[in-house]
$ cat structure-v3.txt   # compact mmCIF, C-alpha atoms
# COMPACT_ATOMS: atom_id res chain seq x y z
CA MET A 244 126.81 110.98 120.63
CA ILE A 245 130.51 111.50 121.35
CA ASN A 246 132.46 108.27 121.83
CA ARG A 247 133.62 107.82 125.41
CA ARG A 248 137.32 108.01 124.65
CA GLU A 249 136.77 110.91 122.29
CA TRP A 250 135.01 112.68 125.17
CA LEU A 251 138.07 112.03 127.33
CA ALA A 252 140.35 113.33 124.59
CA LEU A 253 138.30 116.52 124.49
CA SER A 254 138.55 116.85 128.25
CA ALA A 255 142.32 116.30 128.17
CA SER A 256 142.67 119.02 125.57
CA GLY A 257 140.83 121.51 127.78
CA PHE A 258 137.37 121.29 126.25
CA GLY A 259 134.02 121.06 127.98
CA THR A 260 130.73 120.44 126.20
CA ALA A 261 129.91 122.14 122.91
CA LEU A 262 126.51 123.79 122.75
CA LEU A 263 124.87 123.63 119.35
CA ALA A 264 122.16 126.12 120.29
CA ALA A 265 121.94 128.59 123.13
CA ASP A 266 121.08 132.20 123.82
CA ARG A 267 124.26 134.15 124.42
CA PRO A 268 124.80 137.42 126.33
CA GLU A 269 125.97 140.48 124.47
CA PRO A 270 129.78 140.71 124.07
CA GLN A 271 131.71 142.62 126.70
CA ASP A 272 135.19 144.00 126.11
CA ASP A 273 137.96 142.22 128.04
CA ALA A 274 135.42 140.24 130.05
CA VAL A 275 136.59 138.10 132.98
CA VAL A 276 135.08 134.65 133.29
CA HIS A 277 132.51 133.89 135.98
CA LEU A 278 130.76 130.66 135.00
CA GLY A 279 127.01 130.85 135.21
CA PRO A 280 124.86 128.35 137.15
CA ASP A 281 124.53 126.27 133.99
CA GLY A 282 128.32 126.11 133.61
CA VAL A 283 128.32 128.15 130.40
CA TRP A 284 131.54 130.02 129.68
CA PRO A 285 130.19 133.57 129.30
CA SER A 286 133.29 135.57 128.31
CA GLN A 287 133.62 137.27 124.95
CA PRO A 288 136.56 137.94 122.61
CA PRO A 289 138.49 141.18 123.17
CA PRO A 290 138.65 143.89 120.50
CA GLY A 291 140.82 142.95 117.55
CA CYS A 292 139.94 139.26 117.58
CA PRO A 293 140.99 137.91 114.14
CA PHE A 294 138.43 135.09 113.98
CA ALA A 295 134.97 135.10 112.46
CA PRO A 296 132.21 133.85 114.78
CA SER A 297 131.13 130.24 114.47
CA ASN A 298 127.79 129.66 112.79
CA SER A 299 127.37 126.11 114.11
CA ILE A 300 128.70 125.93 117.69
CA ARG A 301 127.00 128.44 119.95
CA GLY A 302 129.12 128.14 123.10
CA LEU A 303 130.82 125.94 125.67
CA ALA A 304 129.65 124.64 129.04
CA PHE A 305 131.57 122.94 131.83
CA THR A 306 129.63 120.03 133.30
CA GLY A 307 131.36 120.03 136.69
CA ARG A 308 131.98 116.28 136.46
CA GLN A 309 135.61 115.47 137.09
CA ALA A 310 138.00 112.91 138.49
CA SER A 311 141.52 113.31 139.85
CA TYR A 312 144.03 110.51 139.27
CA THR A 313 147.54 111.84 139.92
CA ASN A 314 149.34 115.00 140.98
CA ALA A 315 151.54 114.97 137.86
CA ASP A 316 151.06 117.09 134.76
CA THR A 317 151.88 117.32 131.04
CA TRP A 318 149.49 114.57 129.95
CA TYR A 319 148.88 114.08 126.20
CA PRO A 320 146.99 110.77 125.82
CA SER A 321 147.07 108.91 122.51
CA TRP A 322 144.48 106.19 121.83
CA ALA A 323 146.24 103.08 120.55
CA SER A 324 144.97 100.18 118.45
CA ASP A 325 144.99 97.89 121.54
CA GLY A 326 142.20 100.00 123.07
CA ALA A 327 144.34 101.63 125.78
CA MET A 328 145.65 105.15 125.88
CA TYR A 329 149.29 106.00 126.42
CA SER A 330 150.61 109.32 127.64
CA PRO A 331 153.71 111.19 128.74
CA TRP A 332 153.75 112.86 132.15
CA THR A 333 156.19 114.70 134.40
CA ASP A 334 156.66 117.00 137.41
CA GLY A 335 154.74 114.95 139.90
CA GLU A 336 153.97 111.44 141.09
CA VAL A 337 152.18 108.42 139.60
CA ASN A 338 151.76 105.13 141.48
CA GLY A 339 154.29 106.32 144.07
CA VAL A 340 156.95 107.16 141.46
CA ARG A 341 158.16 110.77 141.22
CA ASN A 342 159.54 112.49 138.15
CA SER A 343 160.91 115.93 137.24
CA SER A 344 161.89 117.42 133.89
CA GLY A 345 163.84 120.36 135.29
CA GLY A 346 167.57 120.45 135.89
CA GLU A 347 170.59 118.56 134.57
CA GLN A 348 169.09 115.18 135.53
CA ALA A 349 165.80 115.77 133.72
CA THR A 350 163.66 112.74 132.95
CA THR A 351 160.29 112.27 131.28
CA SER A 352 157.86 109.51 132.22
CA CYS A 353 155.04 107.58 130.58
CA ALA A 354 151.87 105.82 131.68
CA LYS A 355 149.09 103.58 130.41
CA ILE A 356 145.46 104.65 130.83
CA THR A 357 142.69 102.03 130.73
CA GLY A 358 138.93 102.13 131.18
CA ASP A 359 135.90 103.28 129.21
CA ASP A 360 134.47 105.75 131.72
CA PRO A 361 136.46 109.01 131.93
CA LEU A 362 135.46 109.32 135.60
CA HIS A 363 136.71 105.81 136.48
CA LEU A 364 140.03 105.19 134.78
CA THR A 365 143.13 103.27 135.81
CA VAL A 366 146.49 105.00 135.36
CA THR A 367 149.54 102.72 135.45
CA TYR A 368 153.13 103.88 135.59
CA ILE A 369 155.30 102.41 132.82
CA GLY A 370 158.73 103.99 133.16
CA ALA A 371 160.98 107.02 132.86
CA PHE A 372 163.62 108.03 130.35
CA PRO A 373 166.55 110.44 130.89
CA GLY A 374 166.97 113.40 128.56
CA ALA A 375 169.77 115.87 129.19
CA PRO A 376 168.59 119.44 128.52
CA LYS A 377 171.98 121.15 128.15
CA PRO A 378 172.54 123.90 127.13
CA TYR A 379 169.00 124.54 128.45
CA GLY A 380 167.57 124.15 131.95
CA GLY A 381 164.70 121.72 131.42
CA ARG A 382 163.44 119.12 128.94
CA TYR A 383 159.73 118.38 128.86
CA PRO A 384 157.28 116.07 127.03
CA CYS A 385 155.17 117.33 124.14
CA GLY A 386 153.83 115.61 121.01
CA SER A 387 152.93 111.98 121.71
CA LEU A 388 151.37 109.51 119.26
CA VAL A 389 150.81 105.75 119.28
CA HIS A 390 150.15 104.50 115.75
CA ASN A 391 150.28 100.92 114.42
CA GLY A 392 151.95 99.77 117.63
CA ILE A 393 154.73 102.38 117.58
CA TRP A 394 154.90 105.09 120.22
CA TYR A 395 156.43 108.41 119.14
CA TYR A 396 157.36 110.54 122.16
CA GLY A 397 158.63 114.11 121.65
CA THR A 398 160.52 116.41 124.01
CA TYR A 399 161.43 120.10 123.98
CA CYS A 400 163.70 122.38 126.00
CA LEU A 401 163.22 125.46 128.20
CA LEU A 402 165.22 128.11 130.02
CA GLU A 403 164.25 130.23 133.00
CA THR A 404 165.70 133.75 133.27
CA LYS A 405 167.07 134.26 136.76
CA GLY A 406 165.69 137.04 138.91
CA LEU A 407 162.45 137.69 137.01
CA GLY A 408 160.16 135.38 138.98
CA LEU A 409 158.75 133.85 135.80
CA ASN A 410 158.06 130.22 134.94
CA TRP A 411 160.32 128.84 132.18
CA ASP A 412 160.06 132.09 130.22
CA VAL A 413 162.38 131.16 127.28
CA LEU A 414 161.34 128.51 124.75
CA GLY A 415 164.08 126.30 123.36
CA PRO A 416 164.04 123.72 120.56
CA PHE A 417 161.80 120.77 119.90
CA VAL A 418 164.50 118.07 120.13
CA GLY A 419 162.94 115.08 118.35
CA PHE A 420 161.10 111.81 118.98
CA ARG A 421 162.17 108.71 120.80
CA THR A 422 160.30 105.56 119.75
CA SER A 423 159.00 102.37 121.33
CA THR A 424 157.61 99.25 119.67
CA ASP A 425 156.44 97.64 122.94
CA TYR A 426 154.20 100.35 124.39
CA GLY A 427 156.90 102.06 126.41
CA GLN A 428 158.67 99.08 127.96
CA THR A 429 161.84 99.87 125.98
CA TRP A 430 162.85 102.92 123.97
CA THR A 431 165.14 103.95 121.13
CA ASP A 432 166.34 107.50 121.71
CA THR A 433 166.07 110.23 119.11
CA PRO A 434 169.26 110.84 117.09
CA HIS A 435 168.81 114.56 117.78
CA THR A 436 170.00 116.61 120.75
CA PRO A 437 169.12 120.02 122.22
CA ALA A 438 172.16 121.43 120.43
CA ASN A 439 171.22 119.67 117.15
CA PRO A 440 167.41 119.54 117.10
CA LEU A 441 165.17 117.99 114.46
CA PHE A 442 164.04 121.25 112.86
CA GLY A 443 167.26 123.22 113.39
CA GLU A 444 165.66 126.01 115.39
CA PRO A 445 166.35 128.30 117.16
CA GLU A 446 169.55 129.52 115.53
CA LYS A 447 170.72 130.75 118.94
CA ILE A 448 169.52 130.39 122.52
CA GLY A 449 166.55 132.69 123.03
CA GLY A 450 166.02 133.08 119.29
CA PRO A 451 162.66 132.69 117.54
CA VAL A 452 161.04 129.28 117.06
CA LYS A 453 158.13 128.43 114.77
CA LEU A 454 157.59 124.76 115.58
CA GLY A 455 157.51 125.22 119.36
CA VAL A 456 156.05 122.57 121.69
CA PRO A 457 154.38 120.51 118.94
CA HIS A 458 151.33 118.38 119.72
CA PHE A 459 149.72 115.78 117.48
CA VAL A 460 146.20 116.47 116.29
CA ASP A 461 144.08 113.76 117.93
CA PHE A 462 142.39 111.71 115.20
CA GLY A 463 140.97 109.07 117.54
CA ARG A 464 141.92 105.41 117.91
CA ASN A 465 145.03 104.61 115.89
CA MET A 466 144.55 107.84 113.86
CA GLN A 467 141.37 106.41 112.33
CA HIS A 468 140.00 109.86 111.41
CA SER A 469 143.12 111.25 109.74
CA PRO A 470 141.91 112.74 106.45
CA ASP A 471 144.90 111.44 104.46
CA GLY A 472 146.97 109.05 106.59
CA TYR A 473 149.26 111.82 107.78
CA ALA A 474 149.96 112.72 111.38
CA TYR A 475 149.53 116.48 111.88
CA LEU A 476 151.34 118.61 114.45
CA VAL A 477 150.13 121.96 115.76
CA CYS A 478 152.83 124.22 117.19
CA HIS A 479 153.22 127.72 118.61
CA GLY A 480 155.90 130.23 117.72
CA ALA A 481 157.05 133.79 117.12
CA VAL A 482 159.30 135.64 114.68
CA ALA A 483 162.30 137.91 115.21
CA ASP A 484 160.68 141.13 114.00
CA ASP A 485 157.94 141.13 116.63
CA PRO A 486 156.27 144.58 116.62
CA GLU A 487 155.32 144.40 120.32
CA PRO A 488 157.38 141.87 122.30
CA ARG A 489 156.27 141.23 125.86
CA PRO A 490 157.91 139.60 128.91
CA ALA A 491 158.13 135.84 128.31
CA ASN A 492 157.27 136.63 124.69
CA LEU A 493 157.89 133.05 123.53
CA SER A 494 157.74 130.37 126.20
CA TRP A 495 156.09 127.04 126.86
CA ILE A 496 152.76 128.88 127.19
CA THR A 497 153.13 132.17 125.24
CA ALA A 498 153.49 132.94 121.53
CA ASP A 499 152.25 135.07 118.63
CA GLN A 500 151.48 132.50 115.91
CA ILE A 501 150.21 128.95 115.43
CA TYR A 502 151.89 126.67 112.86
CA LEU A 503 151.08 123.31 111.28
CA ALA A 504 153.25 120.41 110.02
CA ARG A 505 152.53 116.88 108.87
CA VAL A 506 154.40 113.60 108.35
CA LYS A 507 153.57 109.99 107.42
CA PRO A 508 154.57 108.43 110.75
CA SER A 509 157.15 105.65 110.79
CA ILE A 510 160.39 104.93 112.60
CA GLN A 511 162.23 105.98 109.42
CA THR A 512 160.43 109.29 108.90
CA ILE A 513 159.65 110.65 112.35
CA ASN A 514 163.16 112.05 112.96
CA ASP A 515 163.87 112.95 109.31
CA ARG A 516 163.31 116.65 108.64
CA SER A 517 163.02 116.05 104.90
CA ALA A 518 159.95 113.82 105.49
CA TYR A 519 157.93 116.74 106.90
CA GLU A 520 155.65 119.11 105.05
CA PHE A 521 154.72 122.50 106.47
CA TYR A 522 151.70 124.72 105.97
CA GLY A 523 152.67 127.40 103.46
CA GLY A 524 149.53 129.52 103.20
CA ARG A 525 146.81 129.32 100.56
CA ALA A 526 146.81 129.45 96.79
CA GLN A 527 144.38 131.51 94.78
CA GLY A 528 140.98 130.00 95.43
CA GLY A 529 141.83 129.10 99.00
CA LYS A 530 143.52 125.70 98.55
CA PRO A 531 146.17 125.12 101.26
CA ILE A 532 149.79 124.95 100.12
CA GLY A 533 152.37 122.53 101.51
CA VAL A 534 156.08 123.43 101.56
CA ARG A 535 159.17 121.39 102.41
CA ASP A 536 161.35 124.33 103.41
CA LEU A 537 160.66 125.42 106.99
CA ALA A 538 161.78 128.95 106.10
CA ARG A 539 158.78 129.19 103.74
CA THR A 540 156.17 128.07 106.25
CA GLU A 541 153.42 130.52 107.18
CA PRO A 542 151.34 130.56 110.35
CA LEU A 543 147.89 129.01 110.34
CA PHE A 544 146.95 132.23 112.09
CA GLU A 545 148.53 134.90 114.24
CA TRP A 546 147.30 137.04 117.11
CA ASN A 547 150.16 139.01 118.56
CA ASN A 548 150.63 138.49 122.31
CA ARG A 549 147.50 136.32 122.39
CA CYS A 550 148.74 132.84 121.39
CA GLY A 551 150.41 130.03 123.31
CA CYS A 552 150.19 126.28 123.96
CA VAL A 553 147.96 124.67 121.32
CA THR A 554 146.18 121.32 121.09
CA ALA A 555 143.62 120.06 118.57
CA THR A 556 141.13 117.21 118.33
CA TYR A 557 138.90 115.94 115.55
CA ASN A 558 135.39 115.24 116.81
CA PRO A 559 133.55 112.89 114.41
CA ALA A 560 130.16 113.48 116.05
CA LEU A 561 130.38 117.20 115.29
CA ARG A 562 132.52 116.68 112.16
CA LYS A 563 134.68 119.49 113.47
CA TYR A 564 138.30 120.13 114.30
CA LEU A 565 138.36 121.71 117.74
CA MET A 566 141.45 123.68 118.75
CA CYS A 567 142.30 124.99 122.20
CA VAL A 568 144.90 127.78 122.55
CA THR A 569 146.14 129.01 125.92
CA ASP A 570 148.03 132.28 126.23
CA GLY A 571 149.98 132.28 129.49
CA ARG A 572 150.56 136.06 129.46
CA ASN A 573 153.60 136.39 131.77
CA THR A 574 153.63 132.63 132.65
CA VAL A 575 152.64 133.10 136.31
CA SER A 576 149.33 135.01 136.41
CA LYS A 577 145.90 134.37 134.91
CA PHE A 578 145.95 132.58 131.58
CA ASN A 579 143.68 133.42 128.66
CA THR A 580 142.20 130.52 126.69
CA PHE A 581 140.18 130.39 123.50
CA VAL A 582 138.57 127.63 121.49
CA LEU A 583 138.25 127.49 117.70
CA GLU A 584 136.35 125.20 115.34
CA ALA A 585 136.98 124.32 111.70
CA ASP A 586 135.76 121.94 109.02
CA ALA A 587 139.31 121.10 107.87
CA VAL A 588 142.59 120.61 109.70
CA THR A 589 144.03 123.60 107.82
CA GLY A 590 141.06 125.85 108.66
CA PRO A 591 139.79 128.47 108.28
CA ARG A 592 138.94 128.63 111.96
CA ARG A 593 135.97 130.27 113.65
CA MET A 594 135.37 131.17 117.28
CA PRO A 595 132.19 130.01 119.02
CA PRO A 596 130.68 132.85 121.09
CA GLY A 597 131.70 132.86 124.72
CA THR A 598 134.86 130.74 124.30
CA CYS A 599 137.59 133.29 124.95
CA GLY A 600 138.53 134.64 128.35
CA ASP A 601 140.42 134.43 131.62
CA LEU A 602 140.35 131.11 133.41
CA PRO A 603 141.90 130.22 136.79
CA TRP A 604 144.26 127.68 135.16
CA GLY A 605 147.10 130.22 135.36
CA ALA A 606 147.23 129.68 139.09
CA LEU A 607 148.00 126.02 138.43
CA ALA A 608 151.33 127.11 136.94
CA HIS A 609 152.36 128.02 140.49
CA LEU A 610 151.40 124.55 141.70
CA GLY A 611 153.23 122.79 138.88
CA LEU A 612 156.29 124.92 139.55
CA ALA A 613 156.09 124.20 143.29
CA ARG A 614 156.01 120.46 142.69
CA ALA A 615 158.90 120.67 140.25
CA TYR A 616 161.03 122.62 142.75
CA ALA A 617 160.15 120.12 145.48
CA LEU A 618 161.28 117.24 143.28
CA GLN A 619 164.56 119.11 142.72
CA CYS A 620 164.88 119.58 146.53
CA ASP A 621 164.88 123.38 146.13
CA MET A 622 162.67 123.95 149.17
CA PRO A 623 162.78 127.78 149.38
CA LYS A 624 161.52 128.10 145.80
CA ALA A 625 159.01 125.28 146.34
CA ARG A 626 157.54 127.00 149.41
CA ALA A 627 157.32 130.34 147.58
CA ALA A 628 155.51 128.74 144.63
CA TYR A 629 153.07 126.90 146.92
CA GLN A 630 152.38 130.19 148.73
CA GLY A 631 151.69 131.87 145.37
CA PHE A 632 149.19 129.16 144.43
CA LEU A 633 147.43 129.17 147.79
CA THR A 634 147.17 132.97 147.74
CA LEU A 635 145.51 132.95 144.32
CA TRP A 636 143.09 130.21 145.45
CA LYS A 637 142.37 131.63 148.93
CA GLU A 638 138.68 132.14 148.10
CA ALA A 639 138.21 128.78 146.38
CA ASP A 640 136.00 126.01 147.73
CA PRO A 641 138.21 124.27 150.36
CA ASP A 642 136.92 120.85 149.29
CA ILE A 643 138.40 121.06 145.78
CA PRO A 644 140.69 117.99 145.57
CA ILE A 645 143.64 119.75 143.97
CA LEU A 646 143.52 122.51 146.61
CA LYS A 647 143.48 119.95 149.42
CA GLU A 648 146.44 118.16 147.82
CA ALA A 649 148.38 121.41 147.52
CA LYS A 650 147.75 122.33 151.17
CA ALA A 651 148.92 118.90 152.32
CA GLU A 652 152.05 119.07 150.16
CA TYR A 653 152.84 122.56 151.41
CA ALA A 654 152.42 121.49 155.04
CA LYS A 655 155.07 118.80 154.57
CA LEU A 656 157.60 121.47 153.59
CA GLN A 657 157.21 123.46 156.80
$ encode --input "structure-v3.txt" --output "C-alpha cells"
Amino acid sequence: MINRREWLALSASGFGTALLAADRPEPQDDAVVHLGPDGVWPSQPPPGCPFAPSNSIRGLAFTGRQASYTNADTWYPSWASDGAMYSPWTDGEVNGVRNSSGGEQATTSCAKITGDDPLHLTVTYIGAFPGAPKPYGGRYPCGSLVHNGIWYYGTYCLLETKGLGLNWDVLGPFVGFRTSTDYGQTWTDTPHTPANPLFGEPEKIGGPVKLGVPHFVDFGRNMQHSPDGYAYLVCHGAVADDPEPRPANLSWITADQIYLARVKPSIQTINDRSAYEFYGGRAQGGKPIGVRDLARTEPLFEWNNRCGCVTATYNPALRKYLMCVTDGRNTVSKFNTFVLEADAVTGPRRMPPGTCGDLPWGALAHLGLARAYALQCDMPKARAAYQGFLTLWKEADPDIPILKEAKAEYAKLQ
C-alpha cells in the first residue's frame, strides 16, 4: 500500500493511480484523451515514441477524488524529517496573502503543509522572499528540498516575447538556491544572480539551456529512499542545433531533452557548481557515467518537440521511479503529458500503455497567467487571459471548484 504522503507526492507530481493489470484498447495515432467511466487514461503514444512499453504497469486511472486548498500555483512539496511538508508557491493567494513572480518586483513564497489525509490538509503561509529577475521578466520557484533540517529553494528566470500572445515563451537560467535552517522563517540568499547563474547557462539571453527548471527527485521523508545519499535533479532543455525548432521552443513548459544532475546536499555544496555531477550517458555494458563538466552531459532521453516540465518520484510500494513530463506545445493551448517508469533513477525508462496524450491542463495556463496579470494590476491582460480560460472550459461542469473560482475572479475585474 502506498504511504499517505507518498500518495500525495504522486498527486502533486501529476500522477493518478497506477494499474498493475488491465485490459487496454488498441493504440490510436495522435489520440485525444476522453477519460472512460472508470477514470482510465485511454490515450496512446503517437508515432515515433522513443520509449519501450512497460511490462509491469499497465495503465493509469484518475480516481476523481480531489481537494482544493488555494488559488496559487507552482507547488513542489518536500517531506521533511519533522513530518510536515514544505513547498514554494507563487502567482496567487494563500491565507489571504498574495504573491507574484512576474515583473521587476518579483517575489516567491513558501508554505507549510500538515496532515496525513491528502483530502484534508492544512496549508499555512510562511513568508515571501524578493528575487530580482533582471535582465529577465520573471523569476519563479523550481527545485525545492528539505533535508536534515535545511531547506534548499531554487528559482529560475523567464522572458515573454511581446506581441506573440504566448506565456513566458523564453526560458532563462536556473539562478541558484537560497537556504533556510529554520523551515523558512529566515533565509540566506543564493550568491548567484540571473546574470551570473549557478550553472553558467545560457551564454546569452534566449540561448540554449540544458539544466532548465530543475526539480528534485522525491525520495520520500528526508530523502529516505535516495539510493546513495545524493539529491537528484531532473531538468528540461534544448540544444542550439535543433533540427526542427518550434514557437516557444524552450520555455518553462517546452523542451526537447531531459537531463539529470546530482549533488550531496549541504549549505556548502548546493551553490557550488564543482560539487555537482551530471549524467554523461552509458559505458559499454550499460553502466551510467557521471561527468563533472556540464559541456559533456548527455540527455537522459530526447524527444524533439515533445518534452517539457519534468518531475519524478520514487514509489517504494511499486519499487519504481515514476516520471511525469508535460509538453506545453505553444504554452497557451492543450498540453501533452506522458508518464514513464524505471527501476533506476538513471533509467532506462518505459512507458505504461495509455499514459501519453492531451489533457485539459493547458487551459490552466490561461488561468495562471490571468492571476499573475491581476497581481501586477495589468487588468486588460488579466481580463483577456480569464476570457481565454473560460472559453476553453465553456463546456465543463459548472460545479468544478476551480471554474467557479475563475468566474468569481473574472467578475471582480468587470
$ closest_residue --input "structure-v3.txt" --among "A:Trp546, A:Trp411, A:Tyr616, A:Phe417" --to "Gly381 in chain A" --atoms "all atoms listed in the file"
A:Trp411
$ closest_residue --input "structure-v3.txt" --among "A:Glu520, A:Asp515, A:Asp586, A:Asp359" --to "Ile300 in chain A" --atoms "all atoms listed in the file"
A:Asp586
$ atom_distance --input "structure-v3.txt" --atom1 "CA of Arg626 in chain A" --atom2 "CA of Lys655 in chain A"
10.0 Å
$ atom_distance --input "structure-v3.txt" --atom1 "CA of Gly397 in chain A" --atom2 "CA of Gln511 in chain A"
15.1 Å
$ residues_around --input "structure-v3.txt" --residues "Gly455 in chain A" --least-positions-apart "6" --cutoff "12 Å" --atoms "all atoms listed in the file" --output "JSON, numbers by chain"
{"A": [383, 384, 385, 386, 397, 398, 399, 400, 401, 413, 414, 415, 416, 417, 418, 419, 440, 441, 442, 443, 444, 445, 476, 477, 478, 479, 480, 481, 482, 493, 494, 495, 496, 497, 498, 499, 500, 501, 502, 503, 504, 550, 551, 552, 553]}
$ residues_near_point --input "structure-v3.txt" --point "(159.4, 119.9, 141.9)" --cutoff "9 Å" --atoms "only C-alpha atoms" --output "number ranges by chain"
A: 334-335, 342-345, 611-622, 625
$ atom_distance --input "structure-v3.txt" --atom1 "CA of Trp284 in chain A" --atom2 "CA of Lys650 in chain A"
28.0 Å
$ closest_residue --input "structure-v3.txt" --among "A:Gly450, A:Thr351, A:Glu584, A:Ile645" --to "Ser299 in chain A" --atoms "all atoms listed in the file"
A:Glu584
$ residues_around --input "structure-v3.txt" --residues "Tyr475 in chain A" --least-positions-apart "3" --cutoff "6 Å" --atoms "only C-alpha atoms" --output "PyMOL selection string"
chain A and resi 459-460+504-505
$ residues_around --input "structure-v3.txt" --residues "Thr574 in chain A" --least-positions-apart "5" --cutoff "7 Å" --atoms "all atoms listed in the file" --output "ChimeraX atom specification"
/A:409-410,412,496
$ closest_residue --input "structure-v3.txt" --among "A:Phe462, A:Trp394, A:Tyr379, A:Tyr522" --to "Arg539 in chain A" --atoms "only C-alpha atoms"
A:Tyr522
$ closest_residue --input "structure-v3.txt" --among "A:Arg592, A:Arg489, A:Lys530, A:Lys507" --to "Asn548 in chain A" --atoms "all atoms listed in the file"
A:Arg489
$ closest_residue --input "structure-v3.txt" --among "A:Ser423, A:Gln348, A:Thr569, A:Asn298" --to "Tyr329 in chain A" --atoms "only C-alpha atoms"
A:Ser423
$ residues_around --input "structure-v3.txt" --residues "Trp430 in chain A" --least-positions-apart "3" --cutoff "10 Å" --atoms "all atoms listed in the file" --output "list in words"
Ala371, Phe372, Trp394, Tyr395, Tyr396, Arg421, Thr422, Ser423, Thr424, Asp425, Tyr426, Gly427 and Thr433 of chain A
